[in-house]
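Encoded as structure tokens, the structure appears first; notes follow it.
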Amino acid sequence: MDENERYAKGMAVRRKVLGNAWVDRAEAGKTAFNAEFQAMINRSPWGEIWTRPHFDERTRRILVIGTMMALGCWDEFGLHVRAALTEGGFTPDDIKEIILQQTAYCGAPAGNHAFKEAGAIVASLARTG
């Protein structure tokens, strides 16, 4: 697969996982400063990793949410929690179970913050949805 194919496949998976609205906003926000980064993430994590056949999309979503929690990357955590709930068929109970599992390994402070972040997303979606 060449870079253009990887980019196209990555963009398709990124849209499927995060939703068109999110990707459209990211694309609209491209500048001369960040355009290479946007192209790189389409080719690499989205086009090379998310398209691998071993794990299904649901498993990959769980891994990403847990990893973002472990790293304290709360913006990305929230992005992937929202996408899992709106695009991935996850329920609030699914998110709760991911957070509980990760709390055992990441600690109570991470779990506490994850419940705060995810709870706000769940409540927001309940109001709009």
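Please note that chains go A, B, ... in the order of the structure tokens, that every chain numbers its residues from 1, and that ligands are numbered from 1 in the order shown.
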For this session: Quick one: everything within 12 Å of Pro45 (chain A), counting only C-alpha atoms, minus sequence neighbours fewer than 2 positions away in the same chain. Send it as a PyMOL selection string.
Result: chain A and resi 6-7+9-11+13-14+37-43+47-52+60+64
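Residues surrounding Gln102 (chain A) within 9 Å are Gly66, Thr67, Met69, Ala70, Glu97, Ile98, Cys106, Gly107, Ala110 and Gly111 of chain A [only C-alpha atoms; sequence separation below 4 positions excluded].
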Exercise. By how many Å are CA of Ile95 (chain A) and CA of Thr59 (chain A) apart?
Worked result: 12.5 Å
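Considering only C-alpha atoms, the residue among A:Arg127, A:Lys16, A:Arg82, A:Lys96 positioned nearest to Glu57 (chain A) is A:Lys16.
With only C-alpha atoms as the atoms that count, the residue of A:Glu36, A:Glu3, A:Glu27, A:Glu117 with the shortest distance to Phe77 (chain A) is A:Glu117.
One distance worth recording is that between CA of Asn20 (chain A) and CA of Ile99 (chain A), which is 26.1 Å.
Of the residues under consideration (A:Gly29, A:Gly72, A:Pro53, A:Pro92), A:Pro92 shows the shortest atom-to-atom contact distance to Val122 (chain A) when counting only C-alpha atoms.
With only C-alpha atoms as the atoms that count, the minimum distance from Tyr105 (chain A) to the choices A:Glu5, A:Gly78, A:Leu71, A:Arg25 is reached by A:Leu71.
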Problem set entry | Non-local contacts of Ala84 (chain A) (8 Å; only C-alpha atoms; under 4 positions in same chain excluded) as a ChimeraX atom specification | /A:17-18,61,80,88-90
